[in-house]
$ cat structure-v2.cif   # mmCIF, C-alpha atoms
data_work
loop_
_atom_site.label_atom_id
_atom_site.label_comp_id
_atom_site.auth_asym_id
_atom_site.auth_seq_id
_atom_site.Cartn_x
_atom_site.Cartn_y
_atom_site.Cartn_z
CA MET A 1 171.87 116.02 149.85
CA PRO A 2 175.47 115.95 151.03
CA HIS A 3 178.06 115.47 148.27
CA PHE A 4 175.34 114.57 145.75
CA GLU A 5 177.04 115.72 142.55
CA ARG A 6 180.44 114.38 143.56
CA LEU A 7 179.05 111.02 144.61
CA TYR A 8 177.28 110.77 141.28
CA ASN A 9 180.47 111.60 139.38
CA PHE A 10 182.40 109.01 141.40
CA ALA A 11 179.64 106.42 140.85
CA CYS A 12 179.78 107.00 137.09
CA TRP A 13 183.54 106.46 137.09
CA LEU A 14 183.09 103.22 139.01
CA THR A 15 180.24 101.80 136.98
CA HIS A 16 180.83 103.35 133.52
CA ASP A 17 177.07 103.49 133.25
CA ARG A 18 174.84 106.45 134.14
CA GLU A 19 171.79 104.40 134.96
CA GLU A 20 173.73 102.10 137.20
CA ALA A 21 175.38 105.13 138.81
CA GLU A 22 171.96 106.61 139.60
CA ASP A 23 170.92 103.36 141.28
CA LEU A 24 174.15 103.32 143.22
CA VAL A 25 173.75 106.90 144.48
CA GLN A 26 170.15 106.18 145.41
CA GLU A 27 171.19 103.08 147.32
CA THR A 28 173.96 105.03 149.05
CA TYR A 29 171.60 107.67 150.42
CA ALA A 30 169.07 105.05 151.45
CA LYS A 31 171.77 103.14 153.34
CA ALA A 32 173.19 106.32 154.84
CA LEU A 33 169.78 107.39 156.14
CA LYS A 34 169.06 103.94 157.47
CA GLY A 35 172.44 103.45 159.05
CA PHE A 36 173.12 106.96 160.28
CA ALA A 37 173.35 105.63 163.83
CA SER A 38 176.58 103.89 162.79
CA PHE A 39 178.15 107.22 161.91
CA ARG A 40 180.37 108.33 164.77
CA PRO A 41 180.21 112.11 165.34
CA GLY A 42 183.65 113.63 165.09
CA THR A 43 184.72 111.20 162.37
CA ASN A 44 184.75 112.15 158.74
CA PHE A 45 181.30 112.20 157.18
CA ARG A 46 182.59 112.39 153.62
CA ALA A 47 184.81 109.33 154.00
CA TRP A 48 181.87 107.52 155.62
CA ILE A 49 179.41 108.17 152.79
CA TYR A 50 182.00 107.35 150.09
CA LYS A 51 182.68 104.10 151.90
CA ILE A 52 178.96 103.27 151.76
CA LEU A 53 178.86 103.99 148.04
CA ARG A 54 181.96 101.95 147.35
CA ASN A 55 180.77 98.99 149.40
CA ALA A 56 177.44 99.10 147.58
CA PHE A 57 179.30 99.13 144.28
CA LEU A 58 181.62 96.26 145.24
CA SER A 59 178.66 94.07 146.08
CA SER A 60 176.90 94.90 142.79
CA ARG A 61 177.28 92.68 139.75
CA THR A 62 179.49 95.20 137.92
CA GLY A 63 181.60 95.69 141.02
CA LEU A 64 182.11 91.97 141.52
CA LYS A 65 183.07 91.61 137.89
CA GLN A 66 185.60 94.45 138.06
CA THR A 67 187.23 93.30 141.28
CA ALA A 68 187.44 89.73 140.02
CA MET A 69 189.51 90.95 137.07
CA VAL A 70 192.06 93.01 138.95
CA PRO A 71 194.85 91.43 140.96
CA LEU A 72 197.10 94.11 142.41
CA ASP A 73 200.56 92.69 142.58
CA LEU A 74 203.11 93.80 145.09
CA GLU A 75 200.73 96.35 146.47
CA ASP A 76 201.82 96.21 150.05
CA GLU A 77 205.51 96.54 149.37
CA GLU A 78 206.80 99.30 151.55
CA GLU A 79 208.94 100.94 148.93
CA ILE A 80 207.17 103.83 147.27
CA LEU A 81 208.30 104.27 143.73
CA PRO A 82 208.53 107.69 142.19
CA ALA A 83 205.56 108.03 139.87
CA VAL A 84 207.47 109.94 137.25
CA GLU A 85 210.47 108.39 135.59
CA GLU A 86 213.10 109.90 133.39
CA THR A 87 210.70 110.24 130.45
CA PRO A 88 209.64 113.80 129.64
CA GLU A 89 206.10 113.58 131.00
CA SER A 90 205.58 117.29 130.61
CA ILE A 91 205.89 116.89 126.84
CA LEU A 92 203.51 113.98 127.06
CA LEU A 93 200.98 116.02 129.02
CA ARG A 94 201.20 118.93 126.65
CA ARG A 95 200.34 116.59 123.81
CA SER A 96 197.54 114.92 125.74
CA ASP A 97 194.10 116.40 125.59
CA GLY A 98 191.41 115.96 128.19
CA GLU A 99 189.85 113.06 126.34
CA ARG A 100 193.09 111.13 126.37
CA VAL A 101 193.40 111.58 130.14
CA GLN A 102 189.78 110.48 130.57
CA LEU A 103 190.41 107.42 128.43
CA ALA A 104 193.56 106.55 130.37
CA LEU A 105 191.61 106.93 133.63
CA GLU A 106 188.80 104.75 132.31
CA GLN A 107 191.26 102.02 131.41
CA LEU A 108 192.88 101.93 134.83
CA PRO A 109 192.09 98.98 137.07
CA LEU A 110 189.33 99.83 139.53
CA ALA A 111 191.64 100.07 142.54
CA TYR A 112 193.87 102.61 140.78
CA ARG A 113 191.01 104.55 139.24
CA GLU A 114 189.13 105.03 142.49
CA ILE A 115 192.16 106.07 144.53
CA LEU A 116 193.25 108.65 141.94
CA LEU A 117 189.73 110.08 141.81
CA LEU A 118 189.52 110.32 145.59
CA CYS A 119 192.92 112.00 145.81
CA GLU A 120 192.86 114.34 142.82
CA VAL A 121 189.20 115.01 142.14
CA GLU A 122 187.76 114.74 145.64
CA GLU A 123 190.98 116.13 147.14
CA MET A 124 190.73 113.76 150.08
CA SER A 125 193.58 113.49 152.54
CA TYR A 126 195.40 110.18 152.83
CA ARG A 127 193.57 109.60 156.13
CA GLU A 128 190.17 110.11 154.46
CA ILE A 129 191.14 107.80 151.59
CA SER A 130 192.30 105.22 154.09
CA ASP A 131 188.91 105.43 155.83
CA ALA A 132 186.86 105.41 152.61
CA LEU A 133 188.69 102.47 151.07
CA ALA A 134 189.33 100.68 154.36
CA ILE A 135 193.05 100.26 153.64
CA PRO A 136 196.11 101.22 155.71
CA MET A 137 197.82 104.57 155.13
CA GLY A 138 200.92 102.83 153.77
CA THR A 139 198.79 101.11 151.15
CA VAL A 140 197.18 104.43 150.23
CA MET A 141 200.62 105.84 149.45
CA SER A 142 201.94 102.85 147.54
CA ARG A 143 198.71 102.36 145.61
CA LEU A 144 198.56 106.05 144.67
CA SER A 145 202.12 105.92 143.45
CA ARG A 146 201.42 102.89 141.28
CA ALA A 147 198.16 104.37 140.03
CA ARG A 148 199.98 107.50 138.87
CA LYS A 149 202.68 105.45 137.24
CA THR A 150 200.14 103.24 135.47
CA LEU A 151 198.20 106.28 134.27
CA GLY A 152 201.40 107.77 132.87
CA GLU A 153 202.14 104.53 131.06
CA GLY A 154 198.60 104.46 129.66
CA LEU A 155 198.99 107.98 128.31
CA ARG A 156 202.34 107.11 126.80
CA LEU A 157 200.85 104.07 125.06
CA GLN A 158 198.00 106.13 123.66
CA LEU A 159 200.42 108.65 122.21
CA GLN A 160 202.54 105.95 120.66
CA LYS A 161 199.44 104.59 118.97
CA GLY A 162 198.72 108.12 117.75
CA MET B 1 221.41 110.90 142.24
CA VAL B 2 221.43 113.58 144.93
CA CYS B 3 217.73 114.32 144.50
CA GLU B 4 216.53 110.74 144.38
CA SER B 5 215.38 110.70 147.99
CA TRP B 6 213.45 113.96 147.48
CA ARG B 7 211.85 112.71 144.29
CA ALA B 8 210.64 109.54 145.98
CA LYS B 9 208.55 111.67 148.30
CA LEU B 10 207.61 114.37 145.81
CA ASP B 11 204.06 113.09 145.31
CA THR B 12 203.47 112.96 149.05
CA TYR B 13 204.79 116.51 149.29
CA LEU B 14 202.54 117.74 146.47
CA ASP B 15 199.58 115.98 148.08
CA GLY B 16 200.26 118.09 151.19
CA GLU B 17 200.88 115.02 153.27
CA VAL B 18 204.38 115.56 154.64
CA PRO B 19 204.69 116.96 158.19
CA ASP B 20 204.85 120.75 158.51
CA GLU B 21 208.54 120.81 159.40
CA GLU B 22 209.48 118.60 156.46
CA MET B 23 207.17 120.63 154.21
CA ARG B 24 209.26 123.74 154.84
CA THR B 25 212.48 121.89 154.09
CA PHE B 26 210.89 120.49 150.96
CA ASP B 27 209.69 123.95 149.89
CA ALA B 28 213.20 125.29 150.23
CA HIS B 29 214.73 122.41 148.29
CA VAL B 30 212.21 122.50 145.46
CA ARG B 31 212.63 126.26 145.10
CA ASN B 32 216.38 125.92 144.77
CA CYS B 33 216.68 122.73 142.74
CA PRO B 34 215.88 123.15 139.02
CA SER B 35 215.57 119.39 138.51
CA CYS B 36 213.11 118.84 141.37
CA SER B 37 211.13 121.98 140.57
CA ALA B 38 210.72 120.82 136.96
CA ASP B 39 209.67 117.40 138.20
CA ALA B 40 207.24 118.96 140.68
CA LEU B 41 205.76 121.13 137.94
CA THR B 42 205.19 118.08 135.73
CA ARG B 43 203.48 116.22 138.54
CA VAL B 44 201.31 119.23 139.37
CA GLN B 45 200.30 119.38 135.70
CA MET B 46 199.40 115.70 135.88
CA LYS B 47 197.36 116.27 139.04
CA ARG B 48 195.50 119.14 137.40
CA ALA B 49 194.90 117.09 134.24
CA ILE B 50 193.39 114.27 136.31
CA GLN B 51 191.34 116.74 138.32
CA VAL B 52 189.86 118.30 135.19
CA ALA B 53 189.35 114.97 133.41
CA GLY B 54 187.86 113.40 136.54
CA LYS B 55 185.07 115.96 136.87
CA ARG B 56 183.19 114.45 134.02
CA TYR B 57 179.70 113.44 134.99
CA THR B 58 176.85 115.63 136.19
CA PRO B 59 173.55 114.26 137.44
CA SER B 60 170.52 115.14 135.35
CA ALA B 61 167.97 117.60 136.71
CA GLU B 62 165.42 114.82 136.59
CA PHE B 63 167.55 112.53 138.77
CA ARG B 64 168.29 115.31 141.24
CA LYS B 65 164.59 116.07 141.56
CA ARG B 66 163.77 112.41 142.03
CA MET B 67 166.36 112.09 144.78
CA GLN B 68 165.20 115.24 146.55
CA GLN B 69 161.66 113.93 146.59
CA LYS B 70 162.82 110.61 148.01
CA ILE B 71 164.91 112.28 150.71
CA ALA B 72 162.17 114.76 151.63
CA ALA B 73 159.76 111.87 152.07
CA LYS B 74 162.03 110.26 154.69
CA PRO B 75 161.62 111.31 158.34
CA GLN B 76 164.61 113.14 159.85
CA ARG B 77 166.65 110.61 161.80
CA SER B 78 168.61 112.90 164.04
CA LEU B 79 169.67 116.47 164.59
CA ALA B 80 173.11 115.90 163.14
CA TRP B 81 171.80 114.24 159.99
CA GLY B 82 169.27 117.00 159.53
CA TRP B 83 171.97 119.60 159.92
CA MET B 84 174.15 117.97 157.30
CA PHE B 85 171.29 118.03 154.86
CA THR B 86 170.71 121.67 155.59
CA ALA B 87 174.37 122.57 155.21
CA THR B 88 174.55 120.82 151.89
CA ALA B 89 171.33 122.45 150.81
CA ALA B 90 173.39 125.65 150.70
CA ALA B 91 175.55 123.95 148.10
CA VAL B 92 172.50 122.78 146.22
CA ILE B 93 171.25 126.39 146.17
CA VAL B 94 174.17 127.21 143.94
CA VAL B 95 172.72 124.96 141.28
CA GLY B 96 169.27 126.24 141.85
CA THR B 97 167.41 124.27 144.51
CA LEU B 98 167.00 124.39 148.26
CA THR B 99 165.52 121.75 150.49
CA SER B 100 164.04 123.65 153.37
CA VAL B 101 162.27 120.98 155.42
CA TYR B 102 164.72 121.19 158.26
CA VAL B 103 165.38 124.91 158.46
CA GLY B 104 162.27 125.80 160.41
CA THR B 105 162.90 123.23 163.09
CA ARG B 106 166.23 124.46 164.34
CA SER B 107 166.58 126.62 167.40
CA GLY B 108 167.49 130.25 166.77
CA ARG B 109 171.02 129.93 168.06
CA ASN B 110 171.80 126.72 166.25
CA GLN B 111 170.33 128.31 163.16
CA ALA B 112 172.75 131.21 163.44
CA PHE B 113 175.71 128.86 163.64
CA SER B 114 174.29 126.74 160.86
CA GLU B 115 174.02 129.90 158.76
CA ILE B 116 177.74 130.39 159.29
CA ALA B 117 178.29 126.75 158.26
CA ASP B 118 176.04 127.30 155.23
CA LEU B 119 178.09 130.33 154.18
CA HIS B 120 181.23 128.20 154.45
CA VAL B 121 179.68 125.33 152.45
CA ALA B 122 178.37 127.75 149.81
CA MET B 123 181.91 129.10 149.43
CA LEU B 124 183.27 125.56 149.03
CA ALA B 125 180.67 124.81 146.37
CA SER B 126 181.20 128.07 144.51
CA SER B 127 183.04 128.11 141.22
CA SER B 128 184.44 131.52 142.20
CA PRO B 129 184.98 131.23 145.95
CA VAL B 130 186.89 134.49 146.33
CA ASP B 131 186.31 138.02 145.02
CA VAL B 132 189.83 139.13 145.81
CA ILE B 133 192.41 136.48 145.03
CA SER B 134 195.65 137.07 146.85
CA THR B 135 197.88 135.40 149.38
CA ASP B 136 199.06 138.83 150.51
CA ARG B 137 197.20 140.20 153.52
CA HIS B 138 198.25 143.70 152.47
CA THR B 139 196.25 143.23 149.28
CA VAL B 140 193.24 141.49 150.79
CA LYS B 141 192.67 143.85 153.72
CA PRO B 142 192.47 147.10 151.67
CA TRP B 143 190.08 145.40 149.23
CA PHE B 144 187.39 145.52 151.93
CA GLN B 145 187.76 149.30 152.41
CA GLY B 146 184.51 151.03 151.53
CA LYS B 147 182.69 147.70 151.22
CA ILE B 148 182.17 147.01 154.91
CA PRO B 149 181.63 149.58 157.69
CA PHE B 150 184.63 148.53 159.80
CA ALA B 151 188.32 147.64 159.56
CA PHE B 152 190.16 144.60 160.90
CA ASN B 153 193.65 143.16 160.92
CA LEU B 154 194.86 140.01 159.21
CA PRO B 155 197.57 137.94 160.86
CA GLU B 156 201.08 137.27 159.54
CA LEU B 157 201.16 133.63 158.43
CA GLN B 158 204.82 132.95 157.78
CA ASN B 159 205.85 129.52 159.12
CA THR B 160 202.38 128.79 160.44
CA GLY B 161 201.23 126.21 157.87
CA PHE B 162 198.27 128.42 156.94
CA SER B 163 197.96 130.26 153.66
CA LEU B 164 195.55 132.99 152.67
CA LEU B 165 193.58 132.33 149.47
CA GLY B 166 191.61 135.56 149.36
CA GLY B 167 188.38 137.11 150.52
CA ARG B 168 184.83 137.96 149.63
CA MET B 169 181.92 140.02 150.91
CA THR B 170 179.33 138.19 152.93
CA TYR B 171 176.09 138.85 154.78
CA LEU B 172 174.65 137.39 157.98
CA ASP B 173 171.13 138.50 158.82
CA GLN B 174 171.51 141.34 156.31
CA THR B 175 174.67 142.49 158.10
CA PRO B 176 177.67 142.97 155.79
CA GLY B 177 180.91 141.32 156.80
CA ALA B 178 184.22 139.97 155.58
CA HIS B 179 184.73 136.35 154.59
CA LEU B 180 188.37 135.27 154.40
CA ILE B 181 189.45 131.90 153.08
CA TYR B 182 192.53 130.08 154.31
CA ASP B 183 194.16 126.76 153.50
CA VAL B 184 195.87 124.38 155.83
CA GLY B 185 196.97 121.10 154.26
CA LYS B 186 194.08 120.34 151.94
CA HIS B 187 191.46 121.93 154.16
CA HIS B 188 189.73 125.21 153.52
CA ILE B 189 188.94 127.32 156.54
CA SER B 190 186.59 130.30 156.53
CA VAL B 191 187.05 133.27 158.82
CA PHE B 192 184.05 135.58 159.12
CA VAL B 193 184.22 139.04 160.65
CA PHE B 194 181.12 141.10 161.48
CA GLN B 195 180.33 144.13 163.60
CA GLU B 196 179.13 142.70 166.90
CA ARG B 197 176.42 145.33 167.48
CA SER B 198 174.82 144.60 164.11
CA LEU B 199 174.34 140.92 164.82
CA PRO B 200 171.36 139.32 166.54
CA ALA B 201 171.67 138.94 170.32
CA ARG B 202 171.47 135.17 170.08
CA LEU B 203 175.11 135.04 169.02
CA ASP B 204 176.12 136.29 172.47
CA LYS B 205 175.26 132.86 173.81
CA ASP B 206 177.73 130.00 174.04
CA PRO B 207 178.76 128.56 170.70
CA VAL B 208 177.09 125.37 169.67
CA SER B 209 178.92 122.26 170.77
CA PRO B 210 181.33 121.17 168.03
CA ASN B 211 179.90 117.68 168.35
CA GLN B 212 176.69 118.92 166.82
CA LEU B 213 178.47 120.20 163.71
CA THR B 214 180.49 118.35 161.13
CA PHE B 215 182.80 121.36 161.05
CA ASN B 216 184.94 122.68 163.85
CA ILE B 217 184.06 126.23 164.80
CA GLU B 218 185.38 128.94 167.09
CA THR B 219 183.84 132.30 167.75
CA TRP B 220 184.74 135.28 169.90
CA THR B 221 184.30 139.02 170.21
CA GLN B 222 187.22 141.42 170.13
CA GLY B 223 187.29 145.16 169.63
CA GLY B 224 183.59 145.29 168.82
CA LEU B 225 183.94 142.70 166.10
CA ARG B 226 182.57 139.15 166.09
CA TYR B 227 184.86 136.53 164.59
CA PHE B 228 183.98 133.03 163.42
CA VAL B 229 186.58 130.47 162.32
CA ILE B 230 185.03 127.38 160.73
CA GLY B 231 186.19 124.45 158.62
CA ASP B 232 186.65 120.71 158.48
CA ALA B 233 190.28 121.04 159.55
CA SER B 234 191.20 119.71 162.98
CA ALA B 235 190.04 121.55 166.09
CA ALA B 236 193.71 122.31 166.80
CA ASN B 237 194.11 124.00 163.41
CA ILE B 238 190.93 126.03 163.89
CA ASP B 239 192.18 127.06 167.32
CA SER B 240 195.63 128.01 165.95
CA LEU B 241 194.12 130.25 163.27
CA ALA B 242 191.78 131.81 165.84
CA LYS B 243 194.78 132.57 168.07
CA LEU B 244 196.62 134.19 165.17
CA PHE B 245 193.63 136.46 164.57
CA LYS B 246 193.32 137.28 168.27
CA ALA B 247 196.99 138.22 168.38
CA ALA B 248 196.69 140.38 165.26
CA SER B 249 193.65 142.32 166.44
#

$ encode --input "structure-v2.cif" --output "structure tokens"
Amino acid sequence: MPHFERLYNFACWLTHDREEAEDLVQETYAKALKGFASFRPGTNFRAWIYKILRNAFLSSRTGLKQTAMVPLDLEDEEEILPAVEETPESILLRRSDGERVQLALEQLPLAYREILLLCEVEEMSYREISDALAIPMGTVMSRLSRARKTLGEGLRLQLQKG
Amino acid sequence: MVCESWRAKLDTYLDGEVPDEEMRTFDAHVRNCPSCSADALTRVQMKRAIQVAGKRYTPSAEFRKRMQQKIAAKPQRSLAWGWMFTATAAAVIVVGTLTSVYVGTRSGRNQAFSEIADLHVAMLASSSPVDVISTDRHTVKPWFQGKIPFAFNLPELQNTGFSLLGGRMTYLDQTPGAHLIYDVGKHHISVFVFQERSLPARLDKDPVSPNQLTFNIETWTQGGLRYFVIGDASAANIDSLAKLFKAAS
């Protein structure tokens, strides 16, 4: 089963629910098998199957709820902001444990969470992310930048709260 | 600030997404600028923290079994789909299971190339992909001495965009060989080297059409050794690495 464990991990991050994630992975493979004719040889299989999973999620009840809640302002602005500001993030990271990073990731809006996971965990190229999320390359870059910035802010807030 | 324009593109640089030429300029700047190198280090730490935190959920054995049963019950739709399942089965082996429905149906030659693809996938799935970790070819090459019954040369990679990650022992049809792992951008490429005379005759035939594989692959014989270069990098990258090996041999 191609990418089984990784798809499951990604599905859990999207749904926040293991049972729902299992259904999502199951639906993804069923759709992939059924629609394999639509896969163009020479294109990226990984991006294709992640796109199926994501589309299945977006049309699920949880997916609809999450996307309804998340307006992404200014996303298509061309300017790409540096993700790290003058604050000493290295100190912040040293003080952050894995659970804090997980919590900050969990609290990110869906669009930021998924793009960070595809880039950092799945180590997809910008082109693959663009294919999987069906967004232009410029948006991949600006959204990633904002996702990183928002994650940093989330971590900072957590530390301030203690 | 002088470095502001560099910092704006630092994430893109660390993601390996700036063009090769710019990458070299960036490398040089980051190495020589304490402010940017500190910033880069912080961002790398953040990337690693997300990477570790993001690998959080593992499917249960029960769910995996259920899925395997469902998949096995489906008829194979096409050669390519079947191959992908087989290639990934090599990854599944690492966690203890192999789906073997498709293996027996492949032709001998395709099976040989799929075995090469399986070895590559198994390396990608491995938690310890290399036995000798070094970017220095003068460290990696001697490591194979006494482990395989032949010697080979590794190419110089300076200014090529490729980097050596290390190597490991491998076997193809019970024949020992060298498995070298390279990076280009974010792609891993495997280079396999075997003694030609020890391999089955079927490998003398034309390589399988790249269209039948998800990976790009090149193979050739030189100096009595059979080389395979395989990975999901572009065909041009695979070809470039193959040329570097041909020139070094």

$ atom_distance --input "structure-v2.cif" --atom1 "atom CA of Tyr29 of chain A" --atom2 "atom CA of Gln69 of chain B"
12.4 Å

$ atom_distance --input "structure-v2.cif" --atom1 "atom CA of Pro19 of chain B" --atom2 "atom CA of Asp136 of chain B"
23.9 Å

$ resolve_selection --input "structure-v2.cif" --expression "the PyMOL selection byres ((chain B and resi 224) around 10)" --output "NGL selection string"
:B and (150 or 194-198 or 221-223 or 225-227)

$ resolve_selection --input "structure-v2.cif" --expression "the PyMOL selection byres ((chain B and resi 152) around 9)" --output "number ranges by chain"
B: 141, 150-151, 153-154, 193, 225, 248-249

$ atom_distance --input "structure-v2.cif" --atom1 "atom CA of Gln26 of chain A" --atom2 "atom CA of Ile71 of chain B"
9.6 Å

$ closest_residue --input "structure-v2.cif" --among "A:Ser125, A:Gln102, A:Ser60, A:Gln66" --to "His187 of chain B" --atoms "only C-alpha atoms"
A:Ser125

$ resolve_selection --input "structure-v2.cif" --expression "the PyMOL selection byres ((chain B and resi 48) around 12)" --output "PyMOL selection string"
(chain A and resi 93+98+101+116-117+119-121+123) or (chain B and resi 14-15+41-47+49-55)

$ write_last_selection --input "structure-v2.cif" --atoms "C-alpha atoms" --output "short mmCIF file (atom, residue, chain, number, x, y, z; two decimals), keeping the file's coordinate frame"
data_model
loop_
_atom_site.label_atom_id
_atom_site.label_comp_id
_atom_site.auth_asym_id
_atom_site.auth_seq_id
_atom_site.Cartn_x
_atom_site.Cartn_y
_atom_site.Cartn_z
CA LEU A 93 200.98 116.02 129.02
CA GLY A 98 191.41 115.96 128.19
CA VAL A 101 193.40 111.58 130.14
CA LEU A 116 193.25 108.65 141.94
CA LEU A 117 189.73 110.08 141.81
CA CYS A 119 192.92 112.00 145.81
CA GLU A 120 192.86 114.34 142.82
CA VAL A 121 189.20 115.01 142.14
CA GLU A 123 190.98 116.13 147.14
CA LEU B 14 202.54 117.74 146.47
CA ASP B 15 199.58 115.98 148.08
CA LEU B 41 205.76 121.13 137.94
CA THR B 42 205.19 118.08 135.73
CA ARG B 43 203.48 116.22 138.54
CA VAL B 44 201.31 119.23 139.37
CA GLN B 45 200.30 119.38 135.70
CA MET B 46 199.40 115.70 135.88
CA LYS B 47 197.36 116.27 139.04
CA ALA B 49 194.90 117.09 134.24
CA ILE B 50 193.39 114.27 136.31
CA GLN B 51 191.34 116.74 138.32
CA VAL B 52 189.86 118.30 135.19
CA ALA B 53 189.35 114.97 133.41
CA GLY B 54 187.86 113.40 136.54
CA LYS B 55 185.07 115.96 136.87
#

$ closest_residue --input "structure-v2.cif" --among "B:Ala247, B:Ala242, B:Val229, B:Leu164" --to "Phe113 of chain B" --atoms "all atoms listed in the file"
B:Val229

$ closest_residue --input "structure-v2.cif" --among "B:Gly167, B:Gly16, B:Pro142, B:Pro176" --to "chain A" --atoms "all atoms listed in the file"
B:Gly16
